[in-house]
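K.L.:
Just so it is clear, I am handing over model_22.txt, which has compact mmCIF, C-alpha atoms.
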# COMPACT_ATOMS: atom_id res chain seq x y z
CA MET A 25 -28.99 107.39 112.27
CA LYS A 26 -29.23 107.38 116.05
CA ILE A 27 -25.84 107.49 117.74
CA ARG A 28 -25.52 105.36 120.85
CA GLU A 29 -24.46 107.11 124.04
CA VAL A 30 -22.50 105.65 126.92
CA LYS A 31 -24.99 104.21 129.39
CA ARG A 32 -22.45 103.10 131.98
CA ILE A 33 -18.71 102.82 132.46
CA VAL A 34 -17.35 99.80 134.33
CA LYS A 35 -13.86 99.54 135.79
CA GLY A 36 -12.81 96.04 136.69
CA GLN A 37 -11.86 94.74 140.12
CA PRO A 38 -8.71 92.74 140.88
CA THR A 39 -9.36 89.14 141.88
CA THR A 40 -7.86 85.67 141.58
CA ASP A 41 -9.30 82.64 139.83
CA GLY A 42 -8.23 79.16 138.84
CA ALA A 43 -5.31 77.98 140.94
CA GLY A 44 -4.36 81.54 141.86
CA VAL A 45 -4.19 83.56 138.63
CA LYS A 46 -4.33 87.31 139.20
CA LEU A 47 -6.82 88.96 136.86
CA ILE A 48 -9.27 91.83 136.51
CA ARG A 49 -12.96 90.89 136.55
CA VAL A 50 -14.55 93.60 134.46
CA LEU A 51 -18.09 92.27 133.89
CA GLY A 52 -20.03 89.76 135.95
CA HIS A 53 -23.33 89.01 137.67
CA ASP A 54 -24.28 92.67 138.16
CA ASP A 55 -23.95 93.48 134.46
CA VAL A 56 -25.85 90.71 132.70
CA ASN A 57 -28.98 92.77 131.97
CA ASP A 58 -26.93 95.39 130.12
CA VAL A 59 -24.65 93.03 128.16
CA ASP A 60 -26.96 90.01 127.53
CA PRO A 61 -26.15 87.63 125.74
CA PHE A 62 -22.70 88.06 127.33
CA LEU A 63 -22.22 87.06 130.95
CA MET A 64 -18.71 87.74 132.12
CA PHE A 65 -15.48 89.35 131.00
CA ASP A 66 -12.01 88.95 132.53
CA ALA A 67 -8.78 90.66 131.52
CA PHE A 68 -5.51 89.02 132.51
CA GLY A 69 -1.95 90.14 132.02
CA SER A 70 1.38 90.33 133.78
CA ASP A 71 5.12 90.23 133.20
CA LYS A 72 5.50 88.31 136.47
CA PRO A 73 5.10 84.54 135.98
CA GLU A 74 4.07 84.06 139.62
CA ASP A 75 0.89 86.00 138.80
CA TYR A 76 -0.33 83.43 136.28
CA ILE A 77 1.82 80.30 136.11
CA LYS A 78 -0.50 78.14 138.28
CA GLY A 79 -3.14 78.57 135.60
CA PHE A 80 -6.62 77.10 135.40
CA PRO A 81 -6.39 73.32 136.00
CA MET A 82 -9.12 70.99 134.76
CA HIS A 83 -12.56 72.42 135.59
CA PRO A 84 -16.14 72.05 134.29
CA HIS A 85 -18.44 74.26 132.24
CA ARG A 86 -22.02 73.81 131.09
CA GLY A 87 -24.57 76.05 129.36
CA ILE A 88 -22.18 78.66 127.96
CA GLU A 89 -19.50 79.42 125.40
CA THR A 90 -16.11 80.82 126.38
CA ILE A 91 -14.10 83.06 124.05
CA THR A 92 -10.42 83.52 124.87
CA TYR A 93 -8.33 86.10 123.00
CA LEU A 94 -4.62 85.80 123.69
CA LEU A 95 -2.90 89.07 122.83
CA GLU A 96 0.55 88.07 124.06
CA GLY A 97 2.09 84.94 125.53
CA ARG A 98 1.37 81.24 125.49
CA VAL A 99 -1.49 79.20 126.94
CA ASP A 100 -1.79 75.41 126.60
CA HIS A 101 -5.31 73.97 126.36
CA LYS A 102 -6.64 70.45 126.98
CA ASP A 103 -10.21 69.23 127.33
CA SER A 104 -12.40 66.17 127.86
CA LEU A 105 -13.09 65.94 124.12
CA GLY A 106 -9.45 64.99 123.59
CA ASN A 107 -8.44 68.37 122.17
CA SER A 108 -4.95 69.65 122.90
CA ASP A 109 -3.84 73.03 121.60
CA THR A 110 -1.44 75.91 122.20
CA LEU A 111 -2.54 79.53 121.95
CA LEU A 112 0.11 82.07 120.94
CA ASP A 113 0.07 85.81 120.17
CA GLY A 114 -3.18 86.72 118.36
CA ASP A 115 -4.81 83.29 118.71
CA LEU A 116 -8.37 82.79 119.91
CA GLN A 117 -10.48 79.86 121.02
CA TRP A 118 -14.28 79.72 120.91
CA MET A 119 -15.34 76.83 123.11
CA THR A 120 -18.92 75.60 123.34
CA ALA A 121 -19.39 73.97 126.73
CA GLY A 122 -22.97 72.95 125.93
CA SER A 123 -24.02 69.84 127.87
CA GLY A 124 -20.70 69.73 129.67
CA ILE A 125 -16.97 69.90 129.16
CA LEU A 126 -13.90 69.70 131.36
CA HIS A 127 -10.93 71.77 130.27
CA GLU A 128 -7.73 73.36 131.46
CA GLU A 129 -5.93 76.52 130.37
CA MET A 130 -2.33 76.60 131.54
CA PRO A 131 -0.22 79.69 130.78
CA LYS A 132 3.48 79.16 130.20
CA GLU A 133 6.22 81.52 131.28
CA THR A 134 6.88 84.17 128.63
CA LYS A 135 8.08 87.77 128.51
CA ARG A 136 4.48 88.87 129.09
CA LEU A 137 1.05 87.28 129.29
CA ASN A 138 -1.86 89.41 128.12
CA GLY A 139 -5.34 88.27 127.19
CA LEU A 140 -9.10 88.48 127.51
CA GLN A 141 -11.86 85.98 128.18
CA PHE A 142 -15.56 86.48 127.58
CA TRP A 143 -18.44 84.22 128.56
CA LEU A 144 -21.33 84.05 126.10
CA ASN A 145 -24.62 82.58 127.24
CA LEU A 146 -26.31 79.79 125.32
CA PRO A 147 -30.05 79.93 124.56
CA GLN A 148 -32.23 77.57 126.58
CA LYS A 149 -32.83 75.35 123.53
CA HIS A 150 -29.06 74.90 123.07
CA LYS A 151 -27.92 74.64 126.69
CA MET A 152 -27.34 70.91 126.29
CA ALA A 153 -25.82 71.03 122.81
CA ALA A 154 -22.81 68.85 122.09
CA PRO A 155 -19.62 70.49 123.37
CA GLU A 156 -17.15 71.74 120.75
CA TYR A 157 -13.71 73.34 120.60
CA PHE A 158 -13.08 75.89 117.85
CA PRO A 159 -9.58 77.37 117.51
CA ILE A 160 -9.30 80.69 115.64
CA THR A 161 -5.84 81.46 114.28
CA PRO A 162 -4.79 84.98 113.16
CA ASP A 163 -5.11 84.04 109.46
CA MET A 164 -8.84 83.39 110.06
CA VAL A 165 -9.37 86.95 111.33
CA LYS A 166 -10.33 89.47 108.60
CA GLU A 167 -8.12 92.57 108.67
CA ILE A 168 -10.04 95.51 107.19
CA ASP A 169 -8.39 98.85 106.49
CA ILE A 170 -10.54 101.89 107.22
CA GLU A 171 -9.70 105.53 106.50
CA CYS A 172 -8.43 106.16 110.03
CA GLY A 173 -7.19 102.79 111.21
CA LYS A 174 -7.83 99.08 111.08
CA VAL A 175 -10.52 96.60 112.12
CA LYS A 176 -9.76 92.97 112.88
CA LEU A 177 -13.11 91.26 112.36
CA ILE A 178 -13.17 88.13 114.50
CA SER A 179 -16.87 87.29 114.23
CA GLY A 180 -19.93 88.90 112.71
CA GLU A 181 -20.13 91.24 109.71
CA PHE A 182 -18.55 94.60 108.90
CA LEU A 183 -18.36 96.56 105.63
CA GLY A 184 -19.50 93.55 103.65
CA GLU A 185 -16.89 91.25 105.18
CA ARG A 186 -17.64 88.24 107.38
CA GLY A 187 -15.65 86.89 110.29
CA VAL A 188 -16.14 83.44 111.76
CA SER A 189 -19.77 82.47 112.18
CA PRO A 190 -20.76 81.42 115.71
CA LYS A 191 -23.08 78.41 115.66
CA TYR A 192 -25.56 79.40 118.37
CA VAL A 193 -25.42 83.11 119.22
CA LYS A 194 -24.47 85.35 116.29
CA ALA A 195 -22.30 87.65 118.34
CA THR A 196 -20.01 90.26 116.79
CA MET A 197 -16.43 90.66 117.98
CA MET A 198 -13.97 93.24 116.59
CA ASP A 199 -10.49 94.46 117.50
CA VAL A 200 -10.54 98.12 116.41
CA SER A 201 -7.60 100.54 116.14
CA ILE A 202 -8.30 104.24 115.41
CA SER A 203 -5.51 106.71 114.65
CA PRO A 204 -4.93 109.77 116.90
CA GLU A 205 -7.62 112.47 116.96
CA SER A 206 -9.77 110.66 114.40
CA GLU A 207 -13.51 110.01 114.46
CA TYR A 208 -15.22 106.89 113.20
CA HIS A 209 -18.72 105.35 113.18
CA ILE A 210 -19.36 101.64 113.57
CA PRO A 211 -22.94 100.55 112.76
CA ILE A 212 -24.56 98.18 115.25
CA PRO A 213 -28.17 96.97 114.78
CA ASN A 214 -30.47 98.64 117.29
CA GLU A 215 -31.72 95.35 118.72
CA GLN A 216 -28.24 94.33 119.85
CA ASN A 217 -26.59 95.10 123.17
CA THR A 218 -23.05 96.36 122.74
CA PHE A 219 -20.01 97.31 124.79
CA VAL A 220 -16.36 98.15 124.22
CA TYR A 221 -13.21 97.53 126.24
CA ILE A 222 -10.33 99.98 125.89
CA LEU A 223 -7.09 98.07 125.36
CA GLU A 224 -4.78 100.99 124.57
CA GLY A 225 -5.12 104.77 124.58
CA THR A 226 -8.37 106.56 125.36
CA ALA A 227 -11.45 107.69 123.46
CA ALA A 228 -14.71 109.58 123.81
CA PHE A 229 -18.01 108.21 122.57
CA GLY A 230 -21.31 109.48 121.23
CA GLU A 231 -22.67 112.97 120.67
CA LYS A 232 -21.88 113.73 124.32
CA ARG A 233 -18.23 112.72 123.84
CA THR A 234 -18.17 110.71 127.06
CA PRO A 235 -14.51 109.89 127.85
CA VAL A 236 -13.53 106.29 128.58
CA GLU A 237 -10.10 105.35 129.90
CA LYS A 238 -7.82 102.41 129.29
CA HIS A 239 -8.89 99.08 130.86
CA SER A 240 -12.51 100.28 131.23
CA VAL A 241 -15.71 99.02 129.61
CA ALA A 242 -18.30 101.35 128.12
CA ILE A 243 -21.82 99.90 127.87
CA PHE A 244 -24.04 101.69 125.36
CA THR A 245 -27.66 102.76 125.06
CA GLU A 246 -29.82 101.70 122.13
CA GLY A 247 -29.06 103.18 118.73
CA ASP A 248 -27.81 102.44 115.24
CA ALA A 249 -24.09 103.20 115.53
CA ILE A 250 -21.20 103.87 117.88
CA ARG A 251 -19.27 107.09 117.30
CA ILE A 252 -15.64 106.87 118.39
CA HIS A 253 -13.53 109.99 118.97
CA ALA A 254 -9.93 108.83 119.42
CA SER A 255 -7.68 110.82 121.73
CA GLU A 256 -4.34 112.34 120.75
CA SER A 257 -2.74 108.97 121.49
CA GLY A 258 -5.25 107.04 119.40
CA VAL A 259 -7.23 104.08 120.71
CA ARG A 260 -7.40 100.31 120.42
CA LEU A 261 -10.58 98.67 121.64
CA ILE A 262 -12.48 95.41 121.59
CA LEU A 263 -16.12 95.75 120.52
CA LEU A 264 -18.71 93.09 121.28
CA ALA A 265 -22.37 93.03 120.32
CA GLY A 266 -25.22 90.54 120.30
CA LYS A 267 -28.98 90.23 120.38
CA PRO A 268 -30.10 89.67 123.99
CA LEU A 269 -31.58 86.28 124.84
CA LYS A 270 -33.89 87.72 127.53
CA GLU A 271 -34.03 84.36 129.31
CA PRO A 272 -33.81 83.57 133.02
CA ILE A 273 -30.33 82.90 134.35
CA ALA A 274 -29.33 80.47 137.09
CA TRP A 275 -25.59 80.89 137.56
CA GLY A 276 -23.35 78.84 139.79
CA GLY A 277 -19.61 79.29 139.23
CA PRO A 278 -18.65 77.73 135.88
CA ILE A 279 -22.19 76.54 135.09
CA VAL A 280 -25.02 78.72 133.76
CA MET A 281 -28.51 77.27 133.31
CA ASN A 282 -32.05 78.69 133.25
CA THR A 283 -33.43 77.36 136.56
CA GLN A 284 -32.09 76.52 139.99
CA GLU A 285 -33.31 72.95 139.48
CA GLU A 286 -31.18 72.62 136.31
CA LEU A 287 -28.22 74.13 138.11
CA GLN A 288 -28.53 71.72 141.04
CA HIS A 289 -28.92 68.80 138.62
CA ALA A 290 -25.65 69.80 136.92
CA PHE A 291 -23.77 69.86 140.23
CA ASN A 292 -25.33 66.53 141.23
CA GLU A 293 -24.03 65.03 137.98
CA LEU A 294 -20.59 66.45 138.71
CA ASN A 295 -20.61 64.73 142.09
CA GLN A 296 -21.91 61.47 140.61
CA GLY A 297 -19.44 61.38 137.71
CA THR A 298 -22.16 61.65 135.05
CA PHE A 299 -21.53 65.26 134.01
CA ILE A 300 -19.84 64.43 130.69
CA LYS A 301 -22.38 63.06 128.20
CA GLN A 302 -21.48 60.30 125.79
CA ARG A 303 -22.31 61.16 122.20
How does the structure come out when it is put into structure tokens?

P.N.:
Amino acid sequence: MKIREVKRIVKGQPTTDGAGVKLIRVLGHDDVNDVDPFLMFDAFGSDKPEDYIKGFPMHPHRGIETITYLLEGRVDHKDSLGNSDTLLDGDLQWMTAGSGILHEEMPKETKRLNGLQFWLNLPQKHKMAAPEYFPITPDMVKEIDIECGKVKLISGEFLGERGVSPKYVKATMMDVSISPESEYHIPIPNEQNTFVYILEGTAAFGEKRTPVEKHSVAIFTEGDAIRIHASESGVRLILLAGKPLKEPIAWGGPIVMNTQEELQHAFNELNQGTFIKQR
């Protein structure tokens, strides 16, 4: 078994998005080659409502899937498919933008808002798939006890268990907690890119025991497994993995296509009012 080593550590940069939500952009344009099929990753969280209350009013997406994991708080969702939903502590949504969707995510004032959003690319053959909204409630997440902690399996497979099954890109997503000063291996097929985000505590990874701090991403080399060495405070991390698409990317804001011509066509349709396709 070849243990993966840390290839690169990424610390996010503060920014604002939507109507003025303060967040940390951890992964973006500069990281796509290392995390393909993932595109972007934002972490958001604050106990100050003014940092998030303006939210993300109605905006378009095409060519991607968005995965939102709400750890704490409340976010109300609406979209052009007619869906209306409320995300609470531990809820997720897996939204396929496909050929085009308009949606809004509006946080509500709570004691604290804390969450993550990942963008997952769609293969060229599925870029114009029908848009879908898939809510994932905590009871749909498999909780698996391991000898030194717990794994919440959101999607993919682990120890013979299956999480939800993504329709287009079979990405794995786990919420992993390891007890203090414990070591654990998580197998990841060699052909998949993988990275982790440290939510709580700290850990070291691989044979080299490369330390990674809270609120940082570790991107890994090729290999068969990730070796986690939890610190004296333990660690909670989000692990994501997927087989790279290795396709060209034309990325313009909320729209990700394969060519500049497709990208321009999407923005032309937005301007002409023909972005949303009738099914």

K.L.:
May I have the centre and edge lengths, in Å to one decimal, of an axis-aligned box around the listed atoms of segment 113-126 of chain A with 8 Å added to every side, as JSON?

P.N.:
{"center_x": -12.0, "center_y": 78.2, "center_z": 124.9, "size_x": 40.1, "size_y": 33.0, "size_z": 29.0}

K.L.:
With distances taken over all atoms listed in the file, which of A:Val241, A:Leu140, A:Ala195, A:Leu116 is nearest to Gly36 of chain A?

P.N.:
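Going through A:Val241, A:Leu140, A:Ala195, A:Leu116 one by one, the smallest distance to Gly36 of chain A is for A:Val241.
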
K.L.:
Taking (-3.2, 86.5, 137.2) in the coordinates of the supplied file, I want to know which residues reach to within 6 Å of it, counting all atoms listed in the file; could you give the answer as a ChimeraX atom specification?

P.N.:
/A:45-47,68,75-76

K.L.:
Just want the 10 Å neighbourhood of Ser203 of chain A, counted on all atoms listed in the file, with same-chain residues fewer than 3 positions away dropped. Output as a ChimeraX atom specification.

P.N.:
/A:171-174,206-208,253-260

K.L.:
Atom CA of Thr234 of chain A and atom CA of Ser201 of chain A are how many Å apart?

P.N.:
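Straight-line distance from atom CA of Thr234 of chain A to atom CA of Ser201 of chain A works out to 18.3 Å.
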
K.L.:
Give me, please, the distance in Å between atom CA of Glu185 of chain A and atom CA of Asp163 of chain A, quoted to one decimal.

P.N.:
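The value is 14.5 Å.
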
K.L.:
Can you list every residue of segment 56-134 of chain A that has an atom at most 9 Å from segment 280-286 of chain A, with its nearest atom pair and the distance in Å to one decimal, using all atoms listed in the file, ordered by chain then number, as a Markdown table?

P.N.:
| residue | atom | partner | partner_atom | distance |
| --- | --- | --- | --- | --- |
| A:His85 | CA | A:Val280 | CA | 8.1 |
| A:Arg86 | CA | A:Val280 | CA | 6.3 |
| A:Gly87 | CA | A:Val280 | CA | 5.2 |
| A:Ile88 | CA | A:Val280 | CA | 6.5 |

K.L.:
One number please: atom CA of Leu261 of chain A to atom CA of Ala242 of chain A, in Å, one decimal.

P.N.:
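Between atom CA of Leu261 of chain A and atom CA of Ala242 of chain A the gap is 10.4 Å.
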
K.L.:
Find the residues near Asp71 of chain A: any atom within 12 Å, counting only C-alpha atoms, skip ones fewer than 3 places away on the same chain, and give them as an mmCIF file with C-alpha atoms, in the coordinates of the input.

P.N.:
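Output saved as selection_10.cif:
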data_model
loop_
_atom_site.group_PDB
_atom_site.id
_atom_site.type_symbol
_atom_site.label_atom_id
_atom_site.label_comp_id
_atom_site.auth_asym_id
_atom_site.auth_seq_id
_atom_site.Cartn_x
_atom_site.Cartn_y
_atom_site.Cartn_z
ATOM 1 C CA LYS A 46 -4.330 87.310 139.200
ATOM 2 C CA PHE A 68 -5.510 89.020 132.510
ATOM 3 C CA GLU A 74 4.070 84.060 139.620
ATOM 4 C CA ASP A 75 0.890 86.000 138.800
ATOM 5 C CA TYR A 76 -0.330 83.430 136.280
ATOM 6 C CA ILE A 77 1.820 80.300 136.110
ATOM 7 C CA GLU A 96 0.550 88.070 124.060
ATOM 8 C CA GLY A 97 2.090 84.940 125.530
ATOM 9 C CA LYS A 132 3.480 79.160 130.200
ATOM 10 C CA GLU A 133 6.220 81.520 131.280
ATOM 11 C CA THR A 134 6.880 84.170 128.630
ATOM 12 C CA LYS A 135 8.080 87.770 128.510
ATOM 13 C CA ARG A 136 4.480 88.870 129.090
ATOM 14 C CA LEU A 137 1.050 87.280 129.290
ATOM 15 C CA ASN A 138 -1.860 89.410 128.120
#

K.L.:
Find, counting all atoms listed in the file, the residue in A:Leu269, A:Ile252, A:Leu126, A:Ile222 that gets nearest to Lys238 of chain A.

P.N.:
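Comparing A:Leu269, A:Ile252, A:Leu126, A:Ile222 against Lys238 of chain A, the winner is A:Ile222.
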